[in-house]
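Quick notes on the structure that follows.
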Protein chains: 2
Amino acid sequence: MQRIPATIGDTVAQVETPALVVDLDALEANLDTMARAVAARGLRLRPHAKSHKCPALAAMQILRGAVGICCQKTDEAAAFVEAGIGDVLVTNEVIAPAKLARLAALARRARIGLLCDDRRAVHALSEAAVAAQVTLDVYVEVDVGAHRCGVAPGAPVAALARAIADAPNVVFAGLQCYEGSAQHLRSPEERRAAIDAAARAAIVSRDACTTAGLRVDRITGAGTGTFELEMANGLWNELQPGSYVFMDADYSRNTLMEGAHNFRQSLFVLAGVMSTPAAQRAICDAGLKSMSFDSGLPVVARRPGLVYEKASDEHGVLHVEPGAVPAQLGERVWLVPGHGDPTVNVYDWLVGLRGERVESVWPVARGTLG
Amino acid sequence: MQRIPATIGDTVAQVETPALVVDLDALEANLDTMARAVAARGLRLRPHAKSHKCPALAAMQILRGAVGICCQKTDEAAAFVEAGIGDVLVTNEVIAPAKLARLAALARRARIGLLCDDRRAVHALSEAAVAAQVTLDVYVEVDVGAHRCGVAPGAPVAALARAIADAPNVVFAGLQCYEGSAQHLRSPEERRAAIDAAARAAIVSRDACTTAGLRVDRITGAGTGTFELEMANGLWNELQPGSYVFMDADYSRNTLMEGAHNFRQSLFVLAGVMSTPAAQRAICDAGLKSMSFDSGLPVVARRPGLVYEKASDEHGVLHVEPGAVPAQLGERVWLVPGHGDPTVNVYDWLVGLRGERVESVWPVARGTLG
């Protein structure tokens with residue numbers, strides 16, 4: 001367990017670095033913006049909690065009208081159910097018997113759903129539900145373009161849906177139609193084309209189910225990069241955006257479409273300057289072990305002329321541009337991670353800041369690999 | 001805290017995925033190889049524990065003759081001292097008063113050293129040591145080429161060493177001369193040139209200290225990629241390699257010099273295949289949250305024709321090459337991480353495998369950001 005990096009009431013200067021911090025004003029604005037946008041369309045919002053892994057934050061989403069949450073791992077589901085979240089959809093295939101047994105046990109206390117993309121898995125899901133004397137919501141994952149998990153659109157979807165519908169203690173709950181690879185396409189046109197294609201794949205799949213006499217009550221999906229397109233499309237009746245709560249440097253590189261909702265950067269890694277060996281160079285204490293670099297280097301916020309240039313395991317090399325205020329030993333640096341989700345994943349605590357003061361220290365269900 | 005992924009005696013098939021696993025035969029061979037190589041030169045081995053963060057593994061290194069360990073964070077130092085390691089060098093600058101107070105408290109129970117590269121920090125170090133009524137070993141970090149932390153070679157080193165020597169309750173213990181940027185230079189010639197340059201920087205710094213009447217008892221440094229060069233050079237009398245215990249895909253890309261010691265890949269992320277949506281595509285449960293991708297994609301071991309092609313947060317897309325054995329649902333996949341240290345950093349448990357059986361489950365001091 002990581003040391004708790006701050007105490008309620010601390011100032012930013014008192015927070016031990018490196019620390020994961022959230023600007024609560026920006027966070028709440030993001031939560032409100034998304035809740036209003038989805039409610040205005042009369043759709044269901046089921047935000048993806050894999051972004052924050054934080055029960056306290058999931059509760060804030062529920063209180064703003066979310067029907068429940070998504071997560072990606074069985075241990076995440078356990079953490080959220082234990083924290084009082086009553087409706088959890090694991091937007092992932094689960095086949096390991098031990099994991100299925102845990103999910104089924106959770107279904108005694110909460111509504112639990114998961115995905116399926118393989119007929120051979122249906123029996124295992126059903127068996128786990130029967131053993132625990134519960135019912136599991138099972139969604140067929142349709143490969144709507146990401147080419148990750150999921151069955152091919154159309155007839156294969158109906159065939160799998162039928163197998164689920166016929167199995168004991170599992171319910172065919174609907175279709176998972178998430179176009180993950182569209183979220184970070186830079187231009188609105190590219191994203192629109194990807195979601196249009198995803199919609200076509202979803203429609204043929206829904207129609208194949210209907211033809212087979214299976215009602216499709218739910219088409220769920222969408223992410224922060226494209227949710228406006230799924231909303232406007234009208235096919236999806238449940239939306240799963242996650243990253244909007246925090247945003248990150250990579251999402252900020254997307255060009256927004258006209259009239260798009262604007263989300264604020266609320267998540268930062270707060271680093272401390274530990275060495276100023278040269279006028280143009282300062283070293284901070286947040287490197288490869290404090291952030292994920294899969295989507296590039298972090299961006300320095302609130303500090304013109306300071307550039308995060310290079311990372312090693314526990315160090316970040318900051319370039320001080322000519323004319324910029326010199327970096328001070330012990331100075332706090334606000335870093336916007338390149339990719340939020342895997343950055344949150346290395347922290348046990350999320351420090352909530354109201355302006356310059358610590359208002360909350362929330363546990364993160366980081367220990368959830370499985 | 002993560003779920004303990006295995007029980008002693010389990011088979012590989014019973015280990016819950018994703019899990020961090022170590023091949024104990026390969027690990028012990030690596031420990032022996034390094035211990036013998038350094039002992040043969042009559043030098044001190046102070047392995048870097050930032051690679052494994054694992055007290056049990058540090059103990060194995062001590063029992064093979066290591067004089068102590070290095071670590072990079074004050075909370076790592078605490079974890080190792082609490083586990084009974086008696087000599088810990090934090091190879092990093094520490095300036096935060098709270099961190100210095102913790103380090104000084106540890107010095108009541110173990111020999112504690114740290115680095116300094118700034119005259120303004122000397123007072124803080126000394127003050128913390130005085131307050132705790134302990135003595136701290138302080139090494140001057142010399143910038144021998146990595147241009148990260150460290151003071152310029154020569155006179156500036158002597159000036160800082162003098163300030164340390166004159167301050168109460170801190171001892172000028174020697175010079176930290178680590179050429180981090182040389183470790184992953186691919187050709188032996190490049191690495192040799194970098195270490196030769198580092199040696200020249202170390203010599204002028206040592207000589208400047210001697211001229212100033214300061215004895216330099218210790219020149220410490222070196223890493224897995226270059227330690228043979230520092231050994232052969234004769235200037236360094238203490239070596240700090242860390243990654244040799246596990247190795248990783250990036251180190252495997254270094255061309256070894258003639259007669260170099262060969263270390264085996266002992267560390268793997270054990271993943272499970274959760275979806276086989278197409279003949280040429282399988283999806284495993286280890287992605288961006290299960291490994292560090294800063295040095296590229298993981299490499300699939302022990303499984304010809306399976307290639308880790310693409311990662312998302314909780315998924316890895318595996319390409320099944322034509323002619324390869326088809327991927328099986330539930331199959332275990334052995335992944336060699338691109339970069340070992342930050343991969344270990346996301347796990348709470350390290351599963352030790354003797355052949356196909358679980359022999360140990362060691363806690364990792366992962367919770368050590370500060």
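To be explicit about the labels: the chains of the structure tokens are called A, B, and onward in the order shown, and within each one the residues are counted from 1, while ligands get numbers from 1 in the order they are shown.
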Original post:
Given a cut-off of 7 Å, which residues of chain A touch chain B, counting only C-alpha atoms, written out as a list in words?
Top reply: Met1, Gln2, Thr17, Pro18, Glu93, Val94, Ile95, Arg148, Cys149, Gly150, Val151, Met274, Ser275, Pro277, Ile283, Leu288, Lys289, Phe293, Asp294, Asp313, Val317, Pro342, Asn345, Val346, Gly367, Thr368, Leu369 and Gly370 of chain A
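Contact shell of Thr226 in chain A at 8 Å (only C-alpha atoms; same-chain neighbours under 2 positions omitted): A:Ala182, A:Gln183, A:Arg191, A:Arg192, A:Ile195, A:Ala222, A:Gly223, A:Thr224, A:Glu228, A:Leu229, A:Glu230.
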Can those selected residues be exported to a file as a compact mmCIF listing (two decimals), in the first residue's frame so that it contains N, CA, C and O atoms?
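result-v5.txt written:
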```
# COMPACT_ATOMS: atom_id res chain seq x y z
N ALA A 182 -11.91 4.09 -32.37
CA ALA A 182 -12.33 5.40 -32.92
C ALA A 182 -12.08 6.54 -31.94
O ALA A 182 -12.07 7.71 -32.34
N GLN A 183 -11.84 6.22 -30.68
CA GLN A 183 -11.82 7.27 -29.64
C GLN A 183 -10.72 8.30 -29.86
O GLN A 183 -10.88 9.47 -29.52
N ARG A 191 -13.76 10.15 -36.97
CA ARG A 191 -14.53 9.54 -35.88
C ARG A 191 -15.97 9.28 -36.34
O ARG A 191 -16.54 8.22 -36.08
N ARG A 192 -16.52 10.24 -37.09
CA ARG A 192 -17.89 10.06 -37.57
C ARG A 192 -17.98 8.85 -38.49
O ARG A 192 -18.89 8.01 -38.37
N ILE A 195 -17.89 5.63 -36.42
CA ILE A 195 -19.12 5.36 -35.66
C ILE A 195 -20.28 5.03 -36.61
O ILE A 195 -21.13 4.18 -36.30
N ALA A 222 -19.90 3.29 -26.62
CA ALA A 222 -19.44 4.68 -26.73
C ALA A 222 -18.37 5.03 -25.69
O ALA A 222 -18.32 4.44 -24.61
N GLY A 223 -17.54 5.97 -26.07
CA GLY A 223 -16.47 6.45 -25.20
C GLY A 223 -16.38 7.97 -25.27
O GLY A 223 -17.12 8.61 -26.04
N THR A 224 -15.48 8.53 -24.51
CA THR A 224 -15.36 9.98 -24.41
C THR A 224 -15.07 10.63 -25.76
O THR A 224 -15.56 11.73 -26.04
N GLU A 228 -20.78 11.74 -28.50
CA GLU A 228 -21.76 12.63 -29.15
C GLU A 228 -22.30 12.03 -30.43
O GLU A 228 -23.46 12.23 -30.79
N LEU A 229 -21.45 11.25 -31.10
CA LEU A 229 -21.88 10.60 -32.34
C LEU A 229 -22.86 9.47 -32.04
O LEU A 229 -23.90 9.35 -32.69
N GLU A 230 -22.56 8.65 -31.02
CA GLU A 230 -23.50 7.59 -30.66
C GLU A 230 -24.81 8.18 -30.15
O GLU A 230 -25.89 7.67 -30.45
```
Subject >> range 127-133 of chain B environment, 8 Å, only C-alpha atoms, sequence neighbours closer than 4 positions dropped, as a ChimeraX atom specification >> reply: /B:97,100-101,104-105,123,168-170
Using all heavy atoms, can you write the selected residues to a file as an mmCIF file, in the first residue's frame?
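Listing of again.cif after writing:
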```cif
data_model
loop_
_atom_site.group_PDB
_atom_site.id
_atom_site.type_symbol
_atom_site.label_atom_id
_atom_site.label_comp_id
_atom_site.auth_asym_id
_atom_site.auth_seq_id
_atom_site.Cartn_x
_atom_site.Cartn_y
_atom_site.Cartn_z
ATOM 1 N N PRO B 97 11.727 17.592 3.405
ATOM 2 C CA PRO B 97 11.979 17.381 4.847
ATOM 3 C C PRO B 97 11.317 16.117 5.395
ATOM 4 O O PRO B 97 11.941 15.372 6.158
ATOM 5 C CB PRO B 97 11.392 18.647 5.489
ATOM 6 C CG PRO B 97 11.472 19.692 4.408
ATOM 7 C CD PRO B 97 11.238 18.960 3.119
ATOM 8 N N LEU B 100 13.363 13.165 4.298
ATOM 9 C CA LEU B 100 14.660 13.147 4.996
ATOM 10 C C LEU B 100 14.492 12.681 6.442
ATOM 11 O O LEU B 100 15.313 11.921 6.962
ATOM 12 C CB LEU B 100 15.306 14.533 4.958
ATOM 13 C CG LEU B 100 15.934 14.920 3.618
ATOM 14 C CD1 LEU B 100 16.358 16.388 3.628
ATOM 15 C CD2 LEU B 100 17.134 14.019 3.310
ATOM 16 N N ALA B 101 13.409 13.100 7.079
ATOM 17 C CA ALA B 101 13.160 12.687 8.468
ATOM 18 C C ALA B 101 12.962 11.167 8.520
ATOM 19 O O ALA B 101 13.472 10.498 9.431
ATOM 20 C CB ALA B 101 11.937 13.408 9.016
ATOM 21 N N ALA B 104 16.362 9.477 7.995
ATOM 22 C CA ALA B 104 17.202 9.608 9.194
ATOM 23 C C ALA B 104 16.749 8.633 10.276
ATOM 24 O O ALA B 104 17.568 7.985 10.940
ATOM 25 C CB ALA B 104 17.165 11.046 9.713
ATOM 26 N N ALA B 105 15.429 8.471 10.414
ATOM 27 C CA ALA B 105 14.914 7.523 11.408
ATOM 28 C C ALA B 105 15.369 6.102 11.075
ATOM 29 O O ALA B 105 15.703 5.313 11.970
ATOM 30 C CB ALA B 105 13.389 7.600 11.472
ATOM 31 N N HIS B 123 22.559 21.353 4.102
ATOM 32 C CA HIS B 123 22.063 21.782 5.405
ATOM 33 C C HIS B 123 20.843 20.945 5.830
ATOM 34 O O HIS B 123 20.764 20.485 6.966
ATOM 35 C CB HIS B 123 21.697 23.266 5.371
ATOM 36 C CG HIS B 123 21.107 23.769 6.654
ATOM 37 N ND1 HIS B 123 21.849 23.881 7.811
ATOM 38 C CD2 HIS B 123 19.840 24.138 6.966
ATOM 39 C CE1 HIS B 123 21.065 24.326 8.780
ATOM 40 N NE2 HIS B 123 19.846 24.484 8.301
ATOM 41 N N PRO B 168 27.609 18.753 10.285
ATOM 42 C CA PRO B 168 27.466 17.770 11.357
ATOM 43 C C PRO B 168 26.583 16.586 10.971
ATOM 44 O O PRO B 168 25.615 16.737 10.210
ATOM 45 C CB PRO B 168 26.840 18.572 12.504
ATOM 46 C CG PRO B 168 26.248 19.790 11.872
ATOM 47 C CD PRO B 168 27.026 20.071 10.650
ATOM 48 N N ASN B 169 26.949 15.409 11.480
ATOM 49 C CA ASN B 169 26.155 14.180 11.360
ATOM 50 C C ASN B 169 25.972 13.668 9.928
ATOM 51 O O ASN B 169 25.148 12.802 9.701
ATOM 52 C CB ASN B 169 24.786 14.349 12.030
ATOM 53 C CG ASN B 169 24.895 14.489 13.546
ATOM 54 O OD1 ASN B 169 25.589 15.377 14.038
ATOM 55 N ND2 ASN B 169 24.247 13.595 14.260
ATOM 56 N N VAL B 170 26.717 14.210 8.991
ATOM 57 C CA VAL B 170 26.760 13.620 7.651
ATOM 58 C C VAL B 170 28.223 13.358 7.297
ATOM 59 O O VAL B 170 29.111 14.100 7.704
ATOM 60 C CB VAL B 170 26.105 14.516 6.575
ATOM 61 C CG1 VAL B 170 24.602 14.594 6.765
ATOM 62 C CG2 VAL B 170 26.735 15.907 6.567
#
```
**OP:** Check range 79-324 of chain B with DSSP on the backbone and list each residue it calls helix (DSSP H, G or I), as a ChimeraX atom specification.
**Re:** /B:79-82,97-106,119-131,155-166,180-182,188-211,227-233,243-245,251-253
Original post:
So which residues touch Ala324 in chain B within 8 Å, counting only C-alpha atoms, skipping near sequence neighbours fewer than 6 positions away, as a PyMOL selection string?
Top reply: chain B and resi 304-306
Output N, CA and C atoms of each residue in that selection to a file, as a compact mmCIF listing (two decimals), in the first residue's frame.
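Dumped to selection.txt:
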```
# COMPACT_ATOMS: atom_id res chain seq x y z
N PRO B 304 6.25 -20.32 -30.32
CA PRO B 304 6.57 -19.86 -31.68
C PRO B 304 5.29 -19.49 -32.44
N GLY B 305 5.38 -18.42 -33.22
CA GLY B 305 4.26 -18.05 -34.08
C GLY B 305 3.20 -17.19 -33.42
N LEU B 306 3.39 -16.87 -32.15
CA LEU B 306 2.46 -15.97 -31.46
C LEU B 306 3.18 -14.64 -31.25
```
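Considering only C-alpha atoms, the residue among A:Gly340, A:Gly352, A:Pro241, A:Pro156 positioned nearest to Ser205 in chain A is A:Pro156.
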Original post:
Out of range 53-119 of chain B, which residues get strand (DSSP E) from DSSP, as a PyMOL selection string?
Top reply: chain B and resi 69-71+87-93+111-116
Selection to disk with all heavy atoms, as a compact mmCIF listing (two decimals), in the first residue's frame:
```txt
# COMPACT_ATOMS: atom_id res chain seq x y z
N ILE B 69 22.19 -3.04 -0.49
CA ILE B 69 21.45 -2.79 -1.74
C ILE B 69 21.37 -1.29 -2.01
O ILE B 69 21.60 -0.47 -1.12
CB ILE B 69 20.02 -3.35 -1.67
CG1 ILE B 69 19.26 -2.74 -0.46
CG2 ILE B 69 20.02 -4.87 -1.58
CD1 ILE B 69 17.82 -2.47 -0.72
N CYS B 70 21.05 -0.98 -3.25
CA CYS B 70 20.64 0.37 -3.61
C CYS B 70 19.13 0.38 -3.75
O CYS B 70 18.51 -0.63 -4.07
CB CYS B 70 21.19 0.80 -4.97
SG CYS B 70 22.95 0.70 -5.14
N CYS B 71 18.52 1.52 -3.50
CA CYS B 71 17.15 1.74 -3.94
C CYS B 71 17.04 3.19 -4.36
O CYS B 71 18.01 3.96 -4.27
CB CYS B 71 16.15 1.35 -2.88
SG CYS B 71 16.28 2.33 -1.39
N ASP B 87 22.02 -2.37 5.13
CA ASP B 87 22.83 -1.34 4.46
C ASP B 87 22.14 -0.94 3.16
O ASP B 87 22.08 -1.72 2.21
CB ASP B 87 24.23 -1.91 4.18
CG ASP B 87 25.19 -0.86 3.63
OD1 ASP B 87 24.72 0.17 3.10
OD2 ASP B 87 26.41 -1.07 3.74
N VAL B 88 21.58 0.26 3.16
CA VAL B 88 20.78 0.73 2.02
C VAL B 88 21.29 2.08 1.54
O VAL B 88 21.44 3.02 2.33
CB VAL B 88 19.28 0.85 2.42
CG1 VAL B 88 18.47 1.47 1.29
CG2 VAL B 88 18.72 -0.51 2.82
N LEU B 89 21.59 2.16 0.26
CA LEU B 89 21.97 3.42 -0.35
C LEU B 89 20.86 3.89 -1.29
O LEU B 89 20.52 3.19 -2.26
CB LEU B 89 23.29 3.25 -1.14
CG LEU B 89 23.70 4.41 -2.05
CD1 LEU B 89 23.88 5.71 -1.26
CD2 LEU B 89 24.99 4.06 -2.81
N VAL B 90 20.27 5.03 -0.98
CA VAL B 90 19.27 5.63 -1.87
C VAL B 90 20.05 6.39 -2.94
O VAL B 90 20.63 7.45 -2.66
CB VAL B 90 18.32 6.57 -1.10
CG1 VAL B 90 17.32 7.21 -2.05
CG2 VAL B 90 17.60 5.81 0.00
N THR B 91 20.10 5.84 -4.14
CA THR B 91 20.91 6.47 -5.20
C THR B 91 20.12 7.59 -5.86
O THR B 91 19.85 7.55 -7.08
CB THR B 91 21.30 5.43 -6.26
OG1 THR B 91 20.10 4.84 -6.79
CG2 THR B 91 22.19 4.36 -5.68
N ASN B 92 19.78 8.57 -5.04
CA ASN B 92 18.92 9.64 -5.52
C ASN B 92 19.06 10.84 -4.59
O ASN B 92 19.40 10.66 -3.41
CB ASN B 92 17.45 9.17 -5.55
CG ASN B 92 16.64 9.86 -6.63
OD1 ASN B 92 17.10 10.83 -7.24
ND2 ASN B 92 15.45 9.35 -6.86
N GLU B 93 18.76 12.01 -5.13
CA GLU B 93 18.71 13.20 -4.30
C GLU B 93 17.41 13.19 -3.51
O GLU B 93 16.35 12.88 -4.06
CB GLU B 93 18.78 14.46 -5.17
CG GLU B 93 20.17 14.83 -5.66
CD GLU B 93 20.78 13.79 -6.61
OE1 GLU B 93 20.02 13.02 -7.22
OE2 GLU B 93 22.02 13.75 -6.72
N ARG B 111 22.53 1.09 8.11
CA ARG B 111 23.41 2.08 7.49
C ARG B 111 22.67 2.66 6.29
O ARG B 111 22.21 1.92 5.42
CB ARG B 111 24.70 1.42 7.05
CG ARG B 111 25.63 2.39 6.36
CD ARG B 111 27.04 1.86 6.24
NE ARG B 111 27.95 2.96 6.01
CZ ARG B 111 29.26 2.89 6.19
NH1 ARG B 111 29.82 1.76 6.61
NH2 ARG B 111 30.03 3.95 5.94
N ILE B 112 22.51 3.97 6.28
CA ILE B 112 21.74 4.63 5.24
C ILE B 112 22.60 5.67 4.52
O ILE B 112 23.25 6.50 5.16
CB ILE B 112 20.49 5.34 5.83
CG1 ILE B 112 19.58 4.34 6.55
CG2 ILE B 112 19.74 6.10 4.74
CD1 ILE B 112 18.89 3.34 5.64
N GLY B 113 22.62 5.56 3.21
CA GLY B 113 23.30 6.57 2.40
C GLY B 113 22.34 7.19 1.41
O GLY B 113 21.28 6.62 1.11
N LEU B 114 22.70 8.37 0.92
CA LEU B 114 21.91 9.01 -0.13
C LEU B 114 22.83 9.92 -0.93
O LEU B 114 24.00 10.08 -0.59
CB LEU B 114 20.72 9.78 0.44
CG LEU B 114 20.98 11.10 1.18
CD1 LEU B 114 19.70 11.91 1.28
CD2 LEU B 114 21.53 10.84 2.59
N LEU B 115 22.29 10.50 -1.99
CA LEU B 115 23.08 11.33 -2.88
C LEU B 115 22.79 12.81 -2.66
O LEU B 115 21.74 13.17 -2.13
CB LEU B 115 22.81 10.99 -4.35
CG LEU B 115 22.88 9.53 -4.76
CD1 LEU B 115 22.74 9.41 -6.27
CD2 LEU B 115 24.17 8.87 -4.27
N CYS B 116 23.75 13.63 -3.07
CA CYS B 116 23.56 15.07 -3.02
C CYS B 116 24.20 15.69 -4.26
O CYS B 116 25.27 15.27 -4.69
CB CYS B 116 24.21 15.62 -1.74
SG CYS B 116 23.97 17.40 -1.51
```
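CA of Leu106 in chain B sits 11.9 Å away from CA of Ala83 in chain B.
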Original post:
Could you pull the residues within 10 Å of Ile4 in chain A, counting only C-alpha atoms, minus those fewer than 4 positions along the same chain, as a PyMOL selection string?
Top reply: chain A and resi 15-16+19+348-351+361-363
Emit the selected residues as an mmCIF file, in the first residue's frame, including N, CA, C and O atoms.
```cif
data_model
loop_
_atom_site.group_PDB
_atom_site.id
_atom_site.type_symbol
_atom_site.label_atom_id
_atom_site.label_comp_id
_atom_site.auth_asym_id
_atom_site.auth_seq_id
_atom_site.Cartn_x
_atom_site.Cartn_y
_atom_site.Cartn_z
ATOM 1 N N VAL A 15 1.552 18.403 -0.019
ATOM 2 C CA VAL A 15 1.288 17.078 -0.583
ATOM 3 C C VAL A 15 2.621 16.412 -0.920
ATOM 4 O O VAL A 15 3.481 17.023 -1.558
ATOM 5 N N GLU A 16 2.806 15.167 -0.460
ATOM 6 C CA GLU A 16 4.055 14.463 -0.772
ATOM 7 C C GLU A 16 4.046 14.022 -2.220
ATOM 8 O O GLU A 16 3.036 13.526 -2.725
ATOM 9 N N ALA A 19 2.349 12.482 -6.495
ATOM 10 C CA ALA A 19 0.993 12.139 -6.056
ATOM 11 C C ALA A 19 0.014 12.333 -7.208
ATOM 12 O O ALA A 19 0.229 13.182 -8.077
ATOM 13 N N ASP A 348 -2.528 4.250 -5.289
ATOM 14 C CA ASP A 348 -3.503 3.764 -4.316
ATOM 15 C C ASP A 348 -4.408 4.875 -3.804
ATOM 16 O O ASP A 348 -5.431 4.600 -3.184
ATOM 17 N N TRP A 349 -4.012 6.134 -4.049
ATOM 18 C CA TRP A 349 -4.747 7.267 -3.482
ATOM 19 C C TRP A 349 -4.908 8.360 -4.521
ATOM 20 O O TRP A 349 -3.982 8.638 -5.291
ATOM 21 N N LEU A 350 -6.089 8.954 -4.512
ATOM 22 C CA LEU A 350 -6.370 10.104 -5.380
ATOM 23 C C LEU A 350 -6.664 11.297 -4.470
ATOM 24 O O LEU A 350 -7.620 11.266 -3.681
ATOM 25 N N VAL A 351 -5.830 12.316 -4.573
ATOM 26 C CA VAL A 351 -5.946 13.484 -3.703
ATOM 27 C C VAL A 351 -6.825 14.524 -4.391
ATOM 28 O O VAL A 351 -6.517 14.969 -5.497
ATOM 29 N N VAL A 361 -9.143 12.607 0.186
ATOM 30 C CA VAL A 361 -8.123 11.617 -0.190
ATOM 31 C C VAL A 361 -8.865 10.309 -0.409
ATOM 32 O O VAL A 361 -9.300 9.661 0.548
ATOM 33 N N TRP A 362 -9.087 9.951 -1.669
ATOM 34 C CA TRP A 362 -9.906 8.793 -2.011
ATOM 35 C C TRP A 362 -9.043 7.577 -2.321
ATOM 36 O O TRP A 362 -8.083 7.675 -3.078
ATOM 37 N N PRO A 363 -9.409 6.408 -1.761
ATOM 38 C CA PRO A 363 -8.701 5.191 -2.169
ATOM 39 C C PRO A 363 -9.047 4.831 -3.614
ATOM 40 O O PRO A 363 -10.184 4.999 -4.058
#
```
Subject >> Exercise: range 231-234 of chain B partners within 12 Å, only C-alpha atoms, chain neighbours under 2 positions left out, as a PyMOL selection string >> reply: chain B and resi 34+37-45+192-193+195-200+202-203+219-224+226-229+236-241+260
Subject >> Shell of 9 Å around Asp10 in chain A, only C-alpha atoms, local chain residues under 5 positions omitted, as a ChimeraX atom specification >> reply: /A:15,356-359
Residues of the last selection are to be written out with N, CA, C and O atoms, as a CSV table (one decimal), in the first residue's frame.
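Listed below is the output, again-v6.csv:
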```csv
chain,number,residue,atom,x,y,z
A,15,VAL,N,1.6,18.4,0.0
A,15,VAL,CA,1.3,17.1,-0.6
A,15,VAL,C,2.6,16.4,-0.9
A,15,VAL,O,3.5,17.0,-1.6
A,356,GLU,N,-6.3,25.4,-3.8
A,356,GLU,CA,-4.9,25.0,-3.3
A,356,GLU,C,-5.0,24.1,-2.1
A,356,GLU,O,-4.0,23.8,-1.5
A,357,ARG,N,-6.2,23.7,-1.7
A,357,ARG,CA,-6.4,22.9,-0.5
A,357,ARG,C,-6.8,21.5,-0.7
A,357,ARG,O,-7.7,21.2,-1.6
A,358,VAL,N,-6.3,20.5,0.1
A,358,VAL,CA,-6.8,19.2,0.0
A,358,VAL,C,-8.1,19.0,0.6
A,358,VAL,O,-8.3,19.3,1.8
A,359,GLU,N,-9.1,18.6,-0.2
A,359,GLU,CA,-10.5,18.4,0.4
A,359,GLU,C,-10.8,16.9,0.6
A,359,GLU,O,-11.6,16.6,1.4
```
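Distances here use only C-alpha atoms; by that measure, the residue among B:Leu24, B:Ala167, B:Ala249, B:Ala158 closest to Val216 in chain B is B:Ala158.
For the atom pair formed by CA of Leu256 in chain A and CA of Leu270 in chain A, the distance is 27.3 Å, given to one decimal.
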